[in-house]
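The structure file model_22.txt is reproduced below (compact mmCIF, C-alpha atoms).
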# COMPACT_ATOMS: atom_id res chain seq x y z
CA MET A 676 -50.39 -2.72 -14.96
CA ALA A 677 -49.37 -0.72 -18.05
CA THR A 678 -51.77 2.05 -17.04
CA ASN A 679 -50.21 2.28 -13.56
CA LEU A 680 -46.66 2.44 -15.03
CA ASN A 681 -47.63 5.18 -17.46
CA GLN A 682 -49.25 7.15 -14.67
CA THR A 683 -46.11 6.79 -12.50
CA PHE A 684 -43.86 7.91 -15.40
CA ARG A 685 -46.08 10.99 -16.04
CA ASP A 686 -46.02 11.89 -12.36
CA ARG A 687 -42.22 11.76 -12.29
CA ILE A 688 -41.63 13.94 -15.34
CA SER A 689 -44.23 16.53 -14.27
CA PRO A 690 -43.01 19.51 -12.15
CA ALA A 691 -44.94 18.31 -9.15
CA GLY A 692 -43.46 14.83 -9.51
CA ARG A 693 -39.93 16.11 -9.81
CA ALA A 694 -40.35 18.25 -6.68
CA ALA A 695 -41.67 15.29 -4.72
CA SER A 696 -38.75 13.13 -5.91
CA ILE A 697 -36.20 15.75 -4.82
CA ALA A 698 -37.86 16.08 -1.43
CA ASN A 699 -37.68 12.32 -0.95
CA ARG A 700 -33.97 12.31 -1.78
CA ILE A 701 -33.27 15.13 0.67
CA ASP A 702 -35.05 13.24 3.42
CA CYS A 703 -33.02 10.14 2.61
CA MET A 704 -29.75 12.10 2.80
CA ARG A 705 -30.74 13.66 6.11
CA PHE A 706 -31.54 10.24 7.53
CA THR A 707 -28.20 8.82 6.34
CA SER A 708 -26.16 11.75 7.72
CA THR A 709 -28.02 11.55 11.04
CA ARG A 710 -27.16 7.86 11.38
CA PHE A 711 -23.48 8.57 10.50
CA VAL A 712 -23.20 11.34 13.08
CA SER A 713 -24.88 9.27 15.76
CA ARG A 714 -22.52 6.34 15.10
CA THR A 715 -19.46 8.59 15.15
CA THR A 716 -20.58 10.18 18.41
CA ALA A 717 -21.21 6.79 19.96
CA TYR A 718 -17.75 5.57 18.85
CA ALA A 719 -15.99 8.63 20.26
CA GLY A 720 -17.89 8.44 23.51
CA TYR A 721 -18.57 12.14 24.07
CA PRO A 722 -18.20 15.24 21.90
CA ARG A 723 -15.18 16.40 23.89
CA ASN A 724 -13.39 13.14 22.97
CA GLN A 725 -13.59 14.06 19.28
CA ALA A 726 -11.16 16.94 19.86
CA ARG A 727 -8.88 14.59 21.78
CA TRP A 728 -8.91 12.06 18.93
CA GLY A 729 -8.19 14.84 16.45
CA ALA A 730 -5.13 15.96 18.45
CA VAL A 731 -3.86 12.38 18.58
CA LEU A 732 -4.23 11.99 14.82
CA ILE A 733 -2.40 15.29 14.17
CA ALA A 734 0.48 14.22 16.43
CA LEU A 735 0.77 10.85 14.67
CA ALA A 736 0.82 12.57 11.28
CA ALA A 737 3.59 14.90 12.44
CA ILE A 738 5.67 11.97 13.70
CA LEU A 739 5.25 10.14 10.40
CA LEU A 740 6.32 13.22 8.44
CA LEU A 741 9.43 13.70 10.55
CA THR A 742 10.52 10.06 10.29
CA ALA A 743 9.71 9.69 6.61
CA CYS A 744 11.48 12.88 5.44
CA PRO A 745 15.17 12.91 6.44
CA SER A 746 17.14 16.14 6.16
CA ARG A 747 19.37 14.61 3.44
CA PRO A 748 17.79 12.51 0.68
CA LEU A 749 18.48 8.82 1.07
CA GLY A 750 20.82 7.28 -1.44
CA ARG A 751 22.70 10.50 -2.11
CA PRO A 752 26.35 10.03 -1.13
CA LYS A 753 28.16 12.60 0.92
CA PRO A 754 30.41 14.90 -1.05
CA PRO A 755 33.87 13.46 -1.26
CA GLN A 756 36.58 15.07 0.90
CA THR A 757 39.86 15.94 -0.75
CA VAL A 758 42.87 14.74 1.19
CA VAL A 759 46.28 15.89 -0.01
CA GLY A 760 49.29 13.77 0.71
CA GLY A 761 47.85 11.13 3.02
CA PRO A 762 48.52 10.81 6.77
CA VAL A 763 50.40 13.43 8.75
CA ALA A 764 53.94 12.72 9.88
CA VAL A 765 54.99 14.46 13.09
CA TRP A 766 58.66 15.25 13.63
CA PRO A 767 60.23 15.46 17.12
CA GLY A 768 59.43 18.84 18.59
CA ASP A 769 56.49 19.41 16.25
CA THR A 770 53.46 19.96 18.46
CA SER A 771 50.93 20.40 15.65
CA SER A 772 50.18 18.49 12.47
CA ARG A 773 49.22 21.79 10.83
CA PRO A 774 51.41 24.64 12.17
CA ASP A 775 50.04 28.04 12.95
CA ARG A 776 50.06 30.27 9.87
CA GLY A 777 51.73 33.08 11.79
CA GLY A 778 54.18 30.94 13.79
CA TYR A 779 57.22 31.11 11.49
CA GLY A 780 59.67 33.80 10.45
CA SER A 781 62.75 34.00 8.25
CA VAL A 782 64.97 33.28 11.26
CA ASP A 783 63.46 29.79 11.45
CA LEU A 784 64.97 28.91 8.06
CA ASN A 785 68.37 28.49 9.72
CA ASP A 786 67.19 27.16 13.07
CA PRO A 787 68.05 23.43 13.31
CA ALA A 788 65.17 22.94 15.75
CA SER A 789 62.64 24.30 13.24
CA LEU A 790 60.94 22.32 10.51
CA LEU A 791 61.86 25.11 8.09
CA SER A 792 65.52 24.05 8.29
CA ARG A 793 64.54 20.84 6.48
CA ARG A 794 64.42 21.89 2.85
CA VAL A 795 64.95 18.61 0.96
CA ILE A 796 62.10 16.24 0.03
CA TYR A 797 63.14 12.76 -1.07
CA PHE A 798 61.31 10.43 -3.48
CA GLU A 799 61.10 6.76 -4.27
CA TYR A 800 62.59 5.31 -7.45
CA ASP A 801 60.85 6.55 -10.61
CA SER A 802 58.12 8.23 -8.55
CA SER A 803 56.81 11.74 -7.95
CA ASP A 804 54.57 10.84 -5.00
CA ILE A 805 55.23 12.74 -1.76
CA GLN A 806 55.97 10.36 1.09
CA PRO A 807 54.11 10.77 4.39
CA GLN A 808 57.21 11.52 6.46
CA PHE A 809 57.69 14.82 4.62
CA LEU A 810 54.19 16.23 5.04
CA ALA A 811 54.89 18.03 8.32
CA THR A 812 57.92 19.72 6.75
CA LEU A 813 55.94 20.88 3.74
CA ARG A 814 53.11 22.16 5.92
CA ALA A 815 55.62 24.21 7.90
CA HIS A 816 56.95 25.77 4.69
CA ALA A 817 53.40 26.42 3.54
CA ALA A 818 52.68 28.23 6.81
CA TYR A 819 55.78 30.37 6.43
CA LEU A 820 55.11 31.22 2.77
CA SER A 821 51.51 32.10 3.54
CA SER A 822 52.43 34.43 6.41
CA ALA A 823 55.44 36.14 4.80
CA PRO A 824 54.34 38.26 1.80
CA ALA A 825 57.93 38.78 0.58
CA ALA A 826 58.90 35.10 0.75
CA ARG A 827 59.55 33.27 -2.52
CA VAL A 828 60.80 29.73 -3.08
CA THR A 829 62.15 27.80 -6.06
CA LEU A 830 61.46 24.07 -6.16
CA ASP A 831 64.37 22.30 -7.83
CA GLY A 832 63.63 18.78 -9.03
CA HIS A 833 66.41 16.16 -9.26
CA THR A 834 66.72 12.47 -10.20
CA ASP A 835 69.27 9.68 -10.03
CA GLU A 836 71.25 8.50 -13.04
CA HIS A 837 68.74 5.89 -14.25
CA GLY A 838 67.04 6.65 -17.55
CA THR A 839 67.76 9.06 -20.37
CA ARG A 840 68.55 12.73 -19.91
CA GLU A 841 65.21 13.78 -21.37
CA TYR A 842 63.29 11.35 -19.18
CA ASN A 843 65.05 12.52 -16.03
CA LEU A 844 64.42 16.18 -16.84
CA ALA A 845 60.71 15.42 -17.16
CA LEU A 846 60.73 13.39 -13.92
CA GLY A 847 62.43 16.26 -12.10
CA TYR A 848 59.66 18.59 -13.26
CA TYR A 849 57.02 16.12 -12.09
CA ARG A 850 58.58 15.98 -8.63
CA ALA A 851 58.87 19.75 -8.36
CA GLY A 852 55.28 20.05 -9.58
CA ALA A 853 54.06 17.62 -6.90
CA VAL A 854 55.60 19.76 -4.16
CA ARG A 855 54.22 22.93 -5.75
CA ASP A 856 50.71 21.48 -5.92
CA PHE A 857 50.87 20.42 -2.28
CA LEU A 858 51.95 23.88 -1.14
CA ARG A 859 49.22 25.50 -3.22
CA ALA A 860 46.65 23.16 -1.68
CA GLU A 861 47.86 24.37 1.72
CA GLY A 862 47.08 27.95 0.76
CA VAL A 863 50.34 29.31 -0.68
CA PRO A 864 49.71 31.86 -3.47
CA PRO A 865 50.94 30.56 -6.85
CA GLY A 866 53.07 33.64 -7.46
CA ARG A 867 55.39 32.68 -4.61
CA LEU A 868 56.33 29.31 -6.13
CA ARG A 869 58.70 28.53 -9.03
CA THR A 870 59.67 25.11 -10.38
CA MET A 871 62.89 23.95 -12.04
CA SER A 872 64.32 20.59 -13.10
CA TYR A 873 67.95 19.56 -13.33
CA GLY A 874 67.33 15.89 -13.94
CA GLU A 875 70.46 13.89 -13.15
CA GLU A 876 72.88 16.79 -13.76
CA ARG A 877 73.39 17.85 -10.12
CA PRO A 878 73.81 14.78 -7.90
CA VAL A 879 74.68 15.33 -4.24
CA ALA A 880 76.06 11.79 -4.00
CA PRO A 881 78.30 10.88 -6.98
CA ASP A 882 78.58 7.19 -6.12
CA HIS A 883 76.81 4.45 -8.07
CA GLY A 884 74.58 2.57 -5.67
CA GLU A 885 71.19 2.66 -4.04
CA SER A 886 72.36 4.69 -1.04
CA ALA A 887 73.64 7.43 -3.37
CA TRP A 888 70.68 7.24 -5.75
CA ALA A 889 68.23 7.62 -2.84
CA LEU A 890 69.89 10.95 -1.93
CA ASN A 891 69.74 12.19 -5.51
CA ARG A 892 66.01 11.60 -5.96
CA ARG A 893 64.87 14.85 -4.36
CA VAL A 894 63.30 18.28 -4.53
CA GLU A 895 65.13 21.16 -2.88
CA LEU A 896 63.32 24.23 -1.56
CA VAL A 897 65.57 27.19 -2.33
CA TYR A 898 64.61 30.54 -0.77
Before anything else, please render the file you have as structure tokens.
Amino acid sequence: MATNLNQTFRDRISPAGRAASIANRIDCMRFTSTRFVSRTTAYAGYPRNQARWGAVLIALAAILLLTACPSRPLGRPKPPQTVVGGPVAVWPGDTSSRPDRGGYGSVDLNDPASLLSRRVIYFEYDSSDIQPQFLATLRAHAAYLSSAPAARVTLDGHTDEHGTREYNLALGYYRAGAVRDFLRAEGVPPGRLRTMSYGEERPVAPDHGESAWALNRRVELVY
């Protein structure tokens, strides 16, 4: 037995033995590949069906790619949209929530039927927030200021008599600044806008009561 094993080992490590071993392995690989091809052909039916199966697989892969890769990555929120001033208030006779930029002229400033004739913006107590019912008016002024290169406006801020003089001067500036920022957001060049504050010094209603105070909390657009 030992003699036979030694003889087999010598045959394998000799050049002739190595060549025979390689030939045997090649034959084995050919046999295995032949069986694989025959099974694949039998499964497909006919050679022409292989092309058909390949087309089906390519179509399925394309569908999977399209459904698995959306145009916008999932989980990424849409960019936020900036909304200035809230909902749009429409006055009688106003046919558009955002007037045409070229639809106003200086004559409209004194036309009672035009939004430009409304040049006072009122505010709630101790607030500088623009109320929705004045947005259409401000958009009309923004359209006029944007279309008239020579137009300039001063925004005068006023308050009622509550609070100290210093506080009311600051509040008047905040109110004028709120109107300025809205007009700028609507496209008015900054150089056409000027802000002032008179605090409580220039009331339009000298009485002491809520009805008078409501009229004094305002910003006037002075052309």
| query | For A:Pro878, which of A:Leu890, A:Val863, A:Val854, A:Val782 is the closest residue, counting all atoms listed in the file? | reply | A:Leu890
| query | Quick one: distance from atom CA of A:Glu799 to atom CA of A:Asp783 in Å, one decimal? | reply | 28.0 Å
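Considering all atoms listed in the file, the residue among A:Asp856, A:Thr870, A:Glu836, A:Pro881 positioned nearest to A:Tyr800 is A:Glu836.
Straight-line separation from atom CA of A:Tyr819 to atom CA of A:Gly780: 6.6 Å.
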| task | List the neighbours of A:Phe798 out to 12 Å using all atoms listed in the file; skip same-chain residues closer than 2 positions along the sequence, and give me the result as a ChimeraX atom specification. | result | /A:795-796,800-809,832-835,846-847,849-851,853-854,888-895
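Put simply, atom CA of A:Leu868 is 21.4 Å away from atom CA of A:Asn843.
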| request: Using all atoms listed in the file, find the one residue out of A:Pro824, A:Pro787, A:Gly874, A:Gly852 that sits nearest to A:Gly838. | output: A:Gly874
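With all atoms listed in the file as the atoms that count, the residue of A:Ser886, A:Asn785, A:Ser872, A:Thr812 with the shortest distance to A:Phe857 is A:Thr812.
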Could I get stretch 810-829 of chain A rebuilt with N, CA and C atoms, written as a CSV table (one decimal), in the coordinates of the input?
chain,number,residue,atom,x,y,z
A,810,LEU,N,55.4,15.3,5.0
A,810,LEU,CA,54.2,16.2,5.0
A,810,LEU,C,54.3,17.3,6.1
A,811,ALA,N,54.8,17.0,7.3
A,811,ALA,CA,54.9,18.0,8.3
A,811,ALA,C,55.9,19.1,7.9
A,812,THR,N,57.0,18.7,7.2
A,812,THR,CA,57.9,19.7,6.8
A,812,THR,C,57.3,20.6,5.7
A,813,LEU,N,56.6,20.1,4.8
A,813,LEU,CA,55.9,20.9,3.7
A,813,LEU,C,54.9,21.8,4.3
A,814,ARG,N,54.1,21.3,5.3
A,814,ARG,CA,53.1,22.2,5.9
A,814,ARG,C,53.8,23.3,6.7
A,815,ALA,N,54.9,23.1,7.2
A,815,ALA,CA,55.6,24.2,7.9
A,815,ALA,C,56.1,25.3,6.9
A,816,HIS,N,56.6,24.8,5.7
A,816,HIS,CA,57.0,25.8,4.7
A,816,HIS,C,55.7,26.5,4.1
A,817,ALA,N,54.6,25.8,4.0
A,817,ALA,CA,53.4,26.4,3.5
A,817,ALA,C,52.9,27.5,4.5
A,818,ALA,N,53.1,27.2,5.8
A,818,ALA,CA,52.7,28.2,6.8
A,818,ALA,C,53.6,29.5,6.7
A,819,TYR,N,54.9,29.2,6.5
A,819,TYR,CA,55.8,30.4,6.4
A,819,TYR,C,55.5,31.2,5.2
A,820,LEU,N,55.4,30.5,4.0
A,820,LEU,CA,55.1,31.2,2.8
A,820,LEU,C,53.8,32.0,2.8
A,821,SER,N,52.8,31.4,3.5
A,821,SER,CA,51.5,32.1,3.5
A,821,SER,C,51.5,33.3,4.4
A,822,SER,N,52.4,33.3,5.4
A,822,SER,CA,52.4,34.4,6.4
A,822,SER,C,53.5,35.5,6.1
A,823,ALA,N,54.4,35.2,5.2
A,823,ALA,CA,55.4,36.1,4.8
A,823,ALA,C,55.2,36.6,3.4
A,824,PRO,N,54.7,37.8,3.2
A,824,PRO,CA,54.3,38.3,1.8
A,824,PRO,C,55.5,38.4,0.9
A,825,ALA,N,56.7,38.6,1.4
A,825,ALA,CA,57.9,38.8,0.6
A,825,ALA,C,58.6,37.5,0.3
A,826,ALA,N,58.2,36.4,0.9
A,826,ALA,CA,58.9,35.1,0.8
A,826,ALA,C,58.6,34.5,-0.6
A,827,ARG,N,59.7,34.0,-1.2
A,827,ARG,CA,59.6,33.3,-2.5
A,827,ARG,C,60.4,32.0,-2.4
A,828,VAL,N,60.0,31.0,-3.1
A,828,VAL,CA,60.8,29.7,-3.1
A,828,VAL,C,60.8,29.1,-4.5
A,829,THR,N,62.0,28.6,-4.8
A,829,THR,CA,62.2,27.8,-6.1
A,829,THR,C,62.2,26.3,-5.7
